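Here is upload-v4.pdb, consisting of PDB, C-alpha atoms, pLDDT in the B column:
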ATOM      1  CA  MET A 222      19.202 192.601 217.611  1.00 43.00           C
ATOM      2  CA  LEU A 223      15.609 191.378 217.398  1.00 46.00           C
ATOM      3  CA  PRO A 224      12.929 193.441 219.120  1.00 51.00           C
ATOM      4  CA  PRO A 225      11.416 191.983 222.317  1.00 55.00           C
ATOM      5  CA  GLY A 226       8.731 189.428 221.586  1.00 57.00           C
ATOM      6  CA  LEU A 227       9.893 188.363 218.122  1.00 56.00           C
ATOM      7  CA  SER A 228      11.299 184.853 218.241  1.00 52.00           C
ATOM      8  CA  ILE A 229      13.226 183.457 215.279  1.00 47.00           C
ATOM      9  CA  SER A 230      16.744 182.263 214.508  1.00 41.00           C
ATOM     10  CA  GLY A 231      19.111 180.876 211.915  1.00 41.00           C
ATOM     11  CA  PRO A 232      18.595 181.622 208.183  1.00 42.00           C
ATOM     12  CA  TRP A 233      15.261 183.336 208.976  1.00 44.00           C
ATOM     13  CA  MET A 234      16.937 186.184 210.904  1.00 43.00           C
ATOM     14  CA  SER A 235      16.854 188.689 208.035  1.00 42.00           C
ATOM     15  CA  ARG A 236      13.255 187.766 207.307  1.00 48.00           C
ATOM     16  CA  ALA A 237      12.391 188.410 210.938  1.00 46.00           C
ATOM     17  CA  MET A 238      13.996 191.852 210.812  1.00 40.00           C
ATOM     18  CA  SER A 239      11.978 192.678 207.695  1.00 44.00           C
ATOM     19  CA  TRP A 240       8.879 191.432 209.472  1.00 50.00           C
ATOM     20  CA  TRP A 241       9.569 193.778 212.398  1.00 48.00           C
ATOM     21  CA  CYS A 242       9.709 196.730 210.009  1.00 44.00           C
ATOM     22  CA  VAL A 243       6.288 196.019 208.524  1.00 52.00           C
ATOM     23  CA  LEU A 244       4.771 195.627 211.990  1.00 57.00           C
ATOM     24  CA  GLU A 245       5.332 199.298 212.621  1.00 54.00           C
ATOM     25  CA  PRO A 246       1.894 200.960 212.542  1.00 53.00           C
ATOM     26  CA  ARG A 247       0.990 203.120 209.578  1.00 52.00           C
ATOM     27  CA  PRO A 248      -2.204 204.968 208.616  1.00 44.00           C
ATOM     28  CA  PRO A 249      -5.094 202.563 207.883  1.00 46.00           C
ATOM     29  CA  GLY A 250      -5.342 201.771 204.203  1.00 48.00           C
ATOM     30  CA  LYS A 251      -4.233 198.961 201.995  1.00 87.00           C
ATOM     31  CA  ARG A 252      -3.163 196.607 204.710  1.00 94.00           C
ATOM     32  CA  TRP A 253      -5.279 193.695 205.862  1.00 97.00           C
ATOM     33  CA  LEU A 254      -5.044 191.143 208.649  1.00 98.00           C
ATOM     34  CA  VAL A 255      -6.392 187.643 207.948  1.00 98.00           C
ATOM     35  CA  ALA A 256      -6.754 185.431 211.023  1.00 98.00           C
ATOM     36  CA  GLY A 257      -7.405 181.703 210.776  1.00 98.00           C
ATOM     37  CA  LEU A 258      -9.219 180.744 213.957  1.00 97.00           C
ATOM     38  CA  GLY A 259      -8.592 177.370 215.568  1.00 96.00           C
ATOM     39  CA  ASN A 260      -6.800 175.438 218.265  1.00 95.00           C
ATOM     40  CA  PRO A 261      -2.989 175.244 218.068  1.00 94.00           C
ATOM     41  CA  GLY A 262      -1.753 171.683 217.873  1.00 89.00           C
ATOM     42  CA  LEU A 263      -5.029 170.415 216.400  1.00 90.00           C
ATOM     43  CA  PRO A 264      -4.669 171.417 212.729  1.00 87.00           C
ATOM     44  CA  GLY A 265      -6.680 168.545 211.258  1.00 91.00           C
ATOM     45  CA  THR A 266      -9.868 169.041 213.239  1.00 96.00           C
ATOM     46  CA  ARG A 267     -13.097 170.556 211.949  1.00 96.00           C
ATOM     47  CA  HIS A 268     -12.864 173.372 214.492  1.00 95.00           C
ATOM     48  CA  SER A 269      -9.479 174.397 213.053  1.00 96.00           C
ATOM     49  CA  VAL A 270     -10.549 174.489 209.412  1.00 97.00           C
ATOM     50  CA  GLY A 271      -9.940 178.245 209.483  1.00 97.00           C
ATOM     51  CA  MET A 272      -6.269 177.507 210.029  1.00 97.00           C
ATOM     52  CA  ALA A 273      -6.337 175.089 207.109  1.00 97.00           C
ATOM     53  CA  VAL A 274      -7.679 177.849 204.868  1.00 98.00           C
ATOM     54  CA  LEU A 275      -4.975 180.192 206.170  1.00 98.00           C
ATOM     55  CA  GLY A 276      -2.293 177.621 205.383  1.00 97.00           C
ATOM     56  CA  HIS A 277      -3.595 177.272 201.845  1.00 98.00           C
ATOM     57  CA  LEU A 278      -3.693 181.048 201.494  1.00 98.00           C
ATOM     58  CA  ALA A 279      -0.063 181.232 202.657  1.00 98.00           C
ATOM     59  CA  ARG A 280       0.960 178.677 200.019  1.00 98.00           C
ATOM     60  CA  ARG A 281      -0.921 180.553 197.308  1.00 98.00           C
ATOM     61  CA  LEU A 282       0.811 183.802 198.279  1.00 97.00           C
ATOM     62  CA  GLY A 283       4.225 182.117 198.438  1.00 97.00           C
ATOM     63  CA  VAL A 284       4.812 182.679 202.165  1.00 97.00           C
ATOM     64  CA  ALA A 285       4.207 179.180 203.543  1.00 97.00           C
ATOM     65  CA  GLU A 286       7.828 179.048 204.740  1.00 96.00           C
ATOM     66  CA  SER A 287       7.833 182.600 206.094  1.00 95.00           C
ATOM     67  CA  TRP A 288       6.000 182.236 209.396  1.00 97.00           C
ATOM     68  CA  ALA A 289       7.560 184.073 212.347  1.00 96.00           C
ATOM     69  CA  ARG A 290       6.436 183.690 215.938  1.00 96.00           C
ATOM     70  CA  ASP A 291       5.509 186.944 217.656  1.00 96.00           C
ATOM     71  CA  GLN A 292       5.266 186.554 221.419  1.00 95.00           C
ATOM     72  CA  ARG A 293       3.586 189.928 221.864  1.00 96.00           C
ATOM     73  CA  CYS A 294       0.402 188.624 220.261  1.00 96.00           C
ATOM     74  CA  ALA A 295       1.046 184.903 220.880  1.00 97.00           C
ATOM     75  CA  ALA A 296       0.710 184.024 217.215  1.00 97.00           C
ATOM     76  CA  ASP A 297       2.581 182.983 214.092  1.00 97.00           C
ATOM     77  CA  LEU A 298       2.609 185.731 211.470  1.00 97.00           C
ATOM     78  CA  ALA A 299       3.459 185.952 207.781  1.00 97.00           C
ATOM     79  CA  LEU A 300       3.417 188.932 205.438  1.00 95.00           C
ATOM     80  CA  ALA A 301       2.559 188.809 201.733  1.00 95.00           C
ATOM     81  CA  PRO A 302       2.182 191.497 199.071  1.00 93.00           C
ATOM     82  CA  LEU A 303      -1.054 191.532 197.072  1.00 93.00           C
ATOM     83  CA  GLY A 304      -0.794 194.116 194.351  1.00 90.00           C
ATOM     84  CA  ASP A 305      -0.419 197.455 196.104  1.00 88.00           C
ATOM     85  CA  ALA A 306      -1.747 195.990 199.352  1.00 92.00           C
ATOM     86  CA  GLN A 307      -0.143 194.051 202.179  1.00 94.00           C
ATOM     87  CA  VAL A 308      -1.777 190.979 203.698  1.00 96.00           C
ATOM     88  CA  VAL A 309      -0.720 189.877 207.164  1.00 97.00           C
ATOM     89  CA  LEU A 310      -1.630 186.281 207.995  1.00 98.00           C
ATOM     90  CA  LEU A 311      -2.154 185.351 211.632  1.00 98.00           C
ATOM     91  CA  ARG A 312      -2.249 181.890 213.186  1.00 97.00           C
ATOM     92  CA  PRO A 313      -3.067 182.171 216.922  1.00 97.00           C
ATOM     93  CA  ARG A 314      -1.081 180.166 219.459  1.00 97.00           C
ATOM     94  CA  ARG A 315      -3.864 180.499 222.019  1.00 97.00           C
ATOM     95  CA  LEU A 316      -6.858 178.171 222.330  1.00 96.00           C
ATOM     96  CA  MET A 317      -9.943 178.980 220.275  1.00 96.00           C
ATOM     97  CA  ASN A 318     -11.758 180.631 223.191  1.00 96.00           C
ATOM     98  CA  ALA A 319      -8.877 183.113 223.535  1.00 97.00           C
ATOM     99  CA  ASN A 320      -8.061 183.639 219.834  1.00 98.00           C
ATOM    100  CA  GLY A 321      -9.385 187.170 220.092  1.00 98.00           C
ATOM    101  CA  ARG A 322      -6.534 188.243 222.359  1.00 98.00           C
ATOM    102  CA  SER A 323      -4.017 187.379 219.637  1.00 98.00           C
ATOM    103  CA  VAL A 324      -6.078 188.985 216.880  1.00 98.00           C
ATOM    104  CA  ALA A 325      -6.719 192.202 218.808  1.00 98.00           C
ATOM    105  CA  ARG A 326      -3.081 192.606 219.818  1.00 97.00           C
ATOM    106  CA  ALA A 327      -1.890 192.139 216.231  1.00 97.00           C
ATOM    107  CA  ALA A 328      -4.470 194.650 214.986  1.00 97.00           C
ATOM    108  CA  GLU A 329      -3.219 197.114 217.588  1.00 96.00           C
ATOM    109  CA  LEU A 330       0.417 196.639 216.558  1.00 95.00           C
ATOM    110  CA  LEU A 331      -0.507 197.089 212.901  1.00 94.00           C
ATOM    111  CA  GLY A 332      -2.754 200.087 213.489  1.00 93.00           C
ATOM    112  CA  LEU A 333      -5.765 198.360 211.910  1.00 95.00           C
ATOM    113  CA  THR A 334      -9.459 198.809 212.556  1.00 95.00           C
ATOM    114  CA  ALA A 335     -11.888 195.926 213.007  1.00 97.00           C
ATOM    115  CA  GLU A 336     -13.112 196.427 209.429  1.00 96.00           C
ATOM    116  CA  GLU A 337      -9.591 195.615 208.206  1.00 96.00           C
ATOM    117  CA  VAL A 338      -9.446 192.292 210.063  1.00 98.00           C
ATOM    118  CA  TYR A 339     -10.738 189.151 208.331  1.00 98.00           C
ATOM    119  CA  LEU A 340     -11.743 186.145 210.431  1.00 98.00           C
ATOM    120  CA  VAL A 341     -11.770 182.677 208.866  1.00 98.00           C
ATOM    121  CA  HIS A 342     -13.610 180.071 210.920  1.00 97.00           C
ATOM    122  CA  ASP A 343     -15.728 176.930 210.916  1.00 96.00           C
ATOM    123  CA  GLU A 344     -19.521 177.126 210.666  1.00 95.00           C
ATOM    124  CA  LEU A 345     -21.757 174.396 212.074  1.00 95.00           C
ATOM    125  CA  ASP A 346     -24.886 175.629 210.318  1.00 93.00           C
ATOM    126  CA  LYS A 347     -23.486 175.145 206.832  1.00 95.00           C
ATOM    127  CA  PRO A 348     -22.696 171.775 205.278  1.00 95.00           C
ATOM    128  CA  LEU A 349     -19.128 170.909 204.410  1.00 93.00           C
ATOM    129  CA  GLY A 350     -18.265 172.521 201.093  1.00 91.00           C
ATOM    130  CA  LYS A 351     -20.372 175.635 201.614  1.00 96.00           C
ATOM    131  CA  LEU A 352     -18.777 179.045 202.148  1.00 97.00           C
ATOM    132  CA  ALA A 353     -20.156 182.429 203.144  1.00 96.00           C
ATOM    133  CA  LEU A 354     -18.357 185.758 203.320  1.00 96.00           C
ATOM    134  CA  LYS A 355     -20.174 188.402 205.325  1.00 90.00           C
ATOM    135  CA  LEU A 356     -19.552 191.631 207.164  1.00 89.00           C
ATOM    136  CA  GLY A 357     -20.061 191.727 210.913  1.00 89.00           C
ATOM    137  CA  GLY A 358     -22.912 190.352 212.938  1.00 89.00           C
ATOM    138  CA  SER A 359     -23.127 188.227 216.056  1.00 89.00           C
ATOM    139  CA  ALA A 360     -20.844 185.358 216.980  1.00 88.00           C
ATOM    140  CA  ARG A 361     -23.637 182.846 216.271  1.00 87.00           C
ATOM    141  CA  GLY A 362     -22.408 180.667 219.119  1.00 86.00           C
ATOM    142  CA  HIS A 363     -18.804 180.480 217.880  1.00 94.00           C
ATOM    143  CA  ASN A 364     -16.452 180.959 220.834  1.00 94.00           C
ATOM    144  CA  GLY A 365     -13.496 182.081 218.740  1.00 95.00           C
ATOM    145  CA  VAL A 366     -15.552 184.780 217.030  1.00 97.00           C
ATOM    146  CA  ARG A 367     -17.044 185.779 220.383  1.00 97.00           C
ATOM    147  CA  SER A 368     -13.519 186.218 221.750  1.00 97.00           C
ATOM    148  CA  CYS A 369     -12.570 188.411 218.768  1.00 98.00           C
ATOM    149  CA  ILE A 370     -15.678 190.578 219.166  1.00 97.00           C
ATOM    150  CA  SER A 371     -14.950 191.028 222.857  1.00 97.00           C
ATOM    151  CA  CYS A 372     -11.237 191.813 222.472  1.00 98.00           C
ATOM    152  CA  LEU A 373     -11.646 194.092 219.447  1.00 98.00           C
ATOM    153  CA  ASN A 374     -14.707 195.700 221.030  1.00 97.00           C
ATOM    154  CA  SER A 375     -16.420 195.468 217.652  1.00 97.00           C
ATOM    155  CA  SER A 376     -18.442 193.056 215.540  1.00 97.00           C
ATOM    156  CA  ALA A 377     -17.518 194.727 212.239  1.00 96.00           C
ATOM    157  CA  MET A 378     -14.915 192.174 211.094  1.00 97.00           C
ATOM    158  CA  PRO A 379     -15.484 190.526 207.701  1.00 97.00           C
ATOM    159  CA  ARG A 380     -15.824 186.769 208.189  1.00 97.00           C
ATOM    160  CA  LEU A 381     -15.311 183.814 205.941  1.00 97.00           C
ATOM    161  CA  ARG A 382     -17.514 181.053 207.364  1.00 97.00           C
ATOM    162  CA  VAL A 383     -16.462 177.560 206.278  1.00 97.00           C
ATOM    163  CA  GLY A 384     -19.178 174.943 206.607  1.00 96.00           C
ATOM    164  CA  ILE A 385     -18.400 171.797 208.602  1.00 96.00           C
ATOM    165  CA  GLY A 386     -21.979 170.546 209.071  1.00 94.00           C
ATOM    166  CA  ARG A 387     -23.891 170.030 212.291  1.00 93.00           C
ATOM    167  CA  PRO A 388     -24.261 166.558 213.856  1.00 90.00           C
ATOM    168  CA  THR A 389     -27.739 165.116 214.278  1.00 86.00           C
ATOM    169  CA  HIS A 390     -27.625 165.119 218.075  1.00 89.00           C
ATOM    170  CA  ALA A 391     -26.940 168.336 219.964  1.00 85.00           C
ATOM    171  CA  ASP A 392     -24.849 166.560 222.587  1.00 88.00           C
ATOM    172  CA  ALA A 393     -22.422 165.430 219.856  1.00 91.00           C
ATOM    173  CA  VAL A 394     -21.402 168.953 218.791  1.00 92.00           C
ATOM    174  CA  GLN A 395     -18.251 169.176 220.914  1.00 91.00           C
ATOM    175  CA  GLU A 396     -16.949 165.812 219.742  1.00 94.00           C
ATOM    176  CA  HIS A 397     -17.857 166.697 216.154  1.00 94.00           C
ATOM    177  CA  VAL A 398     -15.886 169.945 216.054  1.00 94.00           C
ATOM    178  CA  LEU A 399     -12.857 168.567 217.907  1.00 94.00           C
ATOM    179  CA  CYS A 400     -12.538 165.459 215.721  1.00 95.00           C
ATOM    180  CA  CYS A 401     -10.678 165.221 212.440  1.00 96.00           C
ATOM    181  CA  PHE A 402     -12.469 165.151 209.114  1.00 95.00           C
ATOM    182  CA  SER A 403     -13.495 161.691 207.965  1.00 93.00           C
ATOM    183  CA  PRO A 404     -11.705 160.166 204.936  1.00 94.00           C
ATOM    184  CA  ALA A 405     -14.706 160.993 202.751  1.00 94.00           C
ATOM    185  CA  GLU A 406     -14.727 164.583 203.994  1.00 94.00           C
ATOM    186  CA  GLN A 407     -10.996 164.925 203.435  1.00 94.00           C
ATOM    187  CA  GLU A 408     -11.566 164.314 199.732  1.00 94.00           C
ATOM    188  CA  LEU A 409     -13.723 167.444 199.661  1.00 94.00           C
ATOM    189  CA  LEU A 410     -11.155 169.642 201.382  1.00 96.00           C
ATOM    190  CA  PRO A 411      -8.713 170.489 198.533  1.00 96.00           C
ATOM    191  CA  PRO A 412     -11.324 172.132 196.263  1.00 97.00           C
ATOM    192  CA  LEU A 413     -12.932 173.759 199.324  1.00 97.00           C
ATOM    193  CA  LEU A 414      -9.629 175.331 200.358  1.00 98.00           C
ATOM    194  CA  GLU A 415      -9.085 176.529 196.796  1.00 98.00           C
ATOM    195  CA  ARG A 416     -12.499 178.201 196.644  1.00 98.00           C
ATOM    196  CA  ALA A 417     -12.093 179.725 200.100  1.00 98.00           C
ATOM    197  CA  THR A 418      -8.741 181.208 199.107  1.00 98.00           C
ATOM    198  CA  ASP A 419     -10.152 182.578 195.853  1.00 98.00           C
ATOM    199  CA  LEU A 420     -13.045 184.171 197.708  1.00 97.00           C
ATOM    200  CA  LEU A 421     -10.771 185.858 200.232  1.00 97.00           C
ATOM    201  CA  LEU A 422      -8.270 187.138 197.691  1.00 97.00           C
ATOM    202  CA  ASP A 423     -10.935 188.443 195.321  1.00 96.00           C
ATOM    203  CA  HIS A 424     -12.631 190.358 198.095  1.00 96.00           C
ATOM    204  CA  ILE A 425      -9.412 191.801 199.490  1.00 96.00           C
ATOM    205  CA  ARG A 426      -8.398 192.949 196.006  1.00 94.00           C
ATOM    206  CA  GLU A 427     -11.751 194.648 195.489  1.00 93.00           C
ATOM    207  CA  ARG A 428     -11.572 196.473 198.815  1.00 93.00           C
ATOM    208  CA  SER A 429      -7.953 197.456 198.192  1.00 92.00           C
ATOM    209  CA  GLN A 430      -9.134 199.152 194.988  1.00 87.00           C
ATOM    210  CA  GLY A 431     -11.809 201.067 196.868  1.00 83.00           C
ATOM    211  CA  ARG A 432     -14.770 199.025 195.691  1.00 73.00           C
ATOM    212  CA  PRO A 433     -17.786 198.516 197.959  1.00 62.00           C
ATOM    213  CA  GLY A 434     -17.520 196.015 200.766  1.00 57.00           C
ATOM    214  CA  LEU A 435     -19.717 193.127 201.708  1.00 53.00           C
ATOM    215  CA  GLY A 436     -23.442 193.159 202.056  1.00 46.00           C
ATOM    216  CA  PRO A 437     -25.318 191.631 204.972  1.00 40.00           C
TER     217      PRO A 437
END

Step by step, read the file and then write its structure as structure tokens.
Amino acid sequence: MLPPGLSISGPWMSRAMSWWCVLEPRPPGKRWLVAGLGNPGLPGTRHSVGMAVLGHLARRLGVAESWARDQRCAADLALAPLGDAQVVLLRPRRLMNANGRSVARAAELLGLTAEEVYLVHDELDKPLGKLALKLGGSARGHNGVRSCISCLNSSAMPRLRVGIGRPTHADAVQEHVLCCFSPAEQELLPPLLERATDLLLDHIRERSQGRPGLGP
């Protein structure tokens, strides 16, 4: 019988039971949570580019067909091994402004600290194609990150910021982030997703081996 809150059926039942086992908390160590911030149901928008990176990461790790819905944290989750480490991927089912509730609940279930939670999100102040991986800091006006800081009661999470560019006029920001990438921009996405995935995996591997973390 599946535990309360875990929703899955059919040929994925055994996978769901395995997933429940790995959700049991264990001492912090070589386990990492990677959350792709965005709006459920709007996967092709600029604001949900974090989810696009997460999807690419899932394909790279061979778990793109292994998502399981967990009602306790209102998110889709997938587990992947990475050497001696475990990587838990999280795709919130709440709106961007409430993504932090899903992230914080999953971190609690997994027994992880804020430093072991990666956030992947869009960044207005970087042009499309630019990436930055940093440790902690303010939300910089990003509502999804603000929600995570509030719910985790910490700003220590490593963040992969994916540039989407800022529109010329300030009053066009909301439309810009909620719209899909243009055809020209879509041509830039495949190599961007590749580089973002490489950056995440390389950094997680280094931290799993006890190497120093990110700088400012």

Q) Interatomic distance between atom CA of Gln395 of chain A and atom CA of Leu311 of chain A? A)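 Here the two named atoms are 24.6 Å from each other.
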
Q. How far is it from atom CA of Ala405 of chain A to atom CA of Gly276 of chain A, in Å with one decimal?
A.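 Taking atom CA of Ala405 of chain A and atom CA of Gly276 of chain A, their separation equals 20.9 Å.
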
Under the PyMOL selection byres ((chain A and resi 355-365) around 7), which residues of this model are included? Write them out as a short mmCIF file (atom, residue, chain, number, x, y, z; two decimals) with C-alpha atoms, keeping the file's coordinate frame.
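Result went into result.cif, see below:
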data_model
loop_
_atom_site.label_atom_id
_atom_site.label_comp_id
_atom_site.auth_asym_id
_atom_site.auth_seq_id
_atom_site.Cartn_x
_atom_site.Cartn_y
_atom_site.Cartn_z
CA LEU A 258 -9.22 180.74 213.96
CA MET A 317 -9.94 178.98 220.28
CA ASN A 318 -11.76 180.63 223.19
CA ALA A 319 -8.88 183.11 223.54
CA ASN A 320 -8.06 183.64 219.83
CA GLY A 321 -9.38 187.17 220.09
CA ALA A 353 -20.16 182.43 203.14
CA LEU A 354 -18.36 185.76 203.32
CA VAL A 366 -15.55 184.78 217.03
CA ARG A 367 -17.04 185.78 220.38
CA SER A 368 -13.52 186.22 221.75
CA CYS A 369 -12.57 188.41 218.77
CA SER A 376 -18.44 193.06 215.54
CA ALA A 377 -17.52 194.73 212.24
CA MET A 378 -14.92 192.17 211.09
CA PRO A 379 -15.48 190.53 207.70
CA ARG A 380 -15.82 186.77 208.19
CA LEU A 381 -15.31 183.81 205.94
CA LEU A 435 -19.72 193.13 201.71
CA GLY A 436 -23.44 193.16 202.06
CA PRO A 437 -25.32 191.63 204.97
#

Q. Out of A:Pro302, A:Gly265, A:Gly283, A:Gly384, which residue has the shortest atom-to-atom distance to Gln407 of chain A when counting only C-alpha atoms?
A.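 Closest residue, counting only C-alpha atoms: A:Gly265.
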
Q. Hey, can you pull every residue with an atom no more than 12 Å from (-24.3, 175.3, 207.4), using all atoms listed in the file, and send it as a ChimeraX atom specification?
A. /A:343-353,361,382-388

Q. The PyMOL selection byres ((chain A and resi 415-430) around 9) on the file shown: which residues, as number ranges by chain?
A. A: 250-253, 274-275, 277-278, 281, 303-306, 308, 339, 352, 354, 381, 383, 410-414, 431-435

(Q) Which residues are near Leu298 of chain A? Cut-off 6 Å, all atoms listed in the file, ignore same chain within fewer than 2 positions. Put them as a PyMOL selection string. (A) chain A and resi 288-289+310-311

**Q.** Which residue of A:Ser269, A:Ser371, A:Ser403, A:Asn260 approaches Ala325 of chain A most closely, using all atoms listed in the file
**A.** A:Ser371

Q: Could you please give me, as a VMD selection string, the residues of protein, DNA or RNA lying at most 6 Å from (-4.6, 185.4, 214.9) in the coordinate frame of the file, considering all atoms listed in the file?
A: chain A and resid 256 296 311 to 313 323 to 324

Put those residues in a file: C-alpha atoms, as a PDB file, in the frame of the given file.
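Wrote result_1.pdb, looks like this:
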ATOM      1  CA  ALA A 256      -6.754 185.431 211.023  1.00 98.00           C
ATOM      2  CA  ALA A 296       0.710 184.024 217.215  1.00 97.00           C
ATOM      3  CA  LEU A 311      -2.154 185.351 211.632  1.00 98.00           C
ATOM      4  CA  ARG A 312      -2.249 181.890 213.186  1.00 97.00           C
ATOM      5  CA  PRO A 313      -3.067 182.171 216.922  1.00 97.00           C
ATOM      6  CA  SER A 323      -4.017 187.379 219.637  1.00 98.00           C
ATOM      7  CA  VAL A 324      -6.078 188.985 216.880  1.00 98.00           C
TER       8      VAL A 324
END

Q. A:Val398, A:Leu373, A:Ala285, A:Leu409: which is nearest His342 of chain A, counting all atoms listed in the file?
A. A:Val398

(Q) For a test of reading the model, state the distance in Å between atom CA of Leu254 of chain A and atom CA of His397 of chain A, rounded to one decimal. (A) 28.6 Å

Q.
Given all atoms listed in the file as the basis, pick out the residue of A:Gly262, A:Gly332, A:Gly271, A:Pro404 nearest to Arg315 of chain A.
A. A:Gly262

Q.
I'd like to know which of A:Leu282, A:Val341, A:Ala301, A:Val270 is closest to Phe402 of chain A, using all atoms listed in the file.
A. A:Val270

Test item: axis-aligned box, all listed atoms of segment 363-376 of chain A, 4 Å on each side, centre and edges in Å rounded to one decimal, as JSON:
{"center_x": -15.0, "center_y": 188.1, "center_z": 219.2, "size_x": 15.6, "size_y": 23.2, "size_z": 15.3}
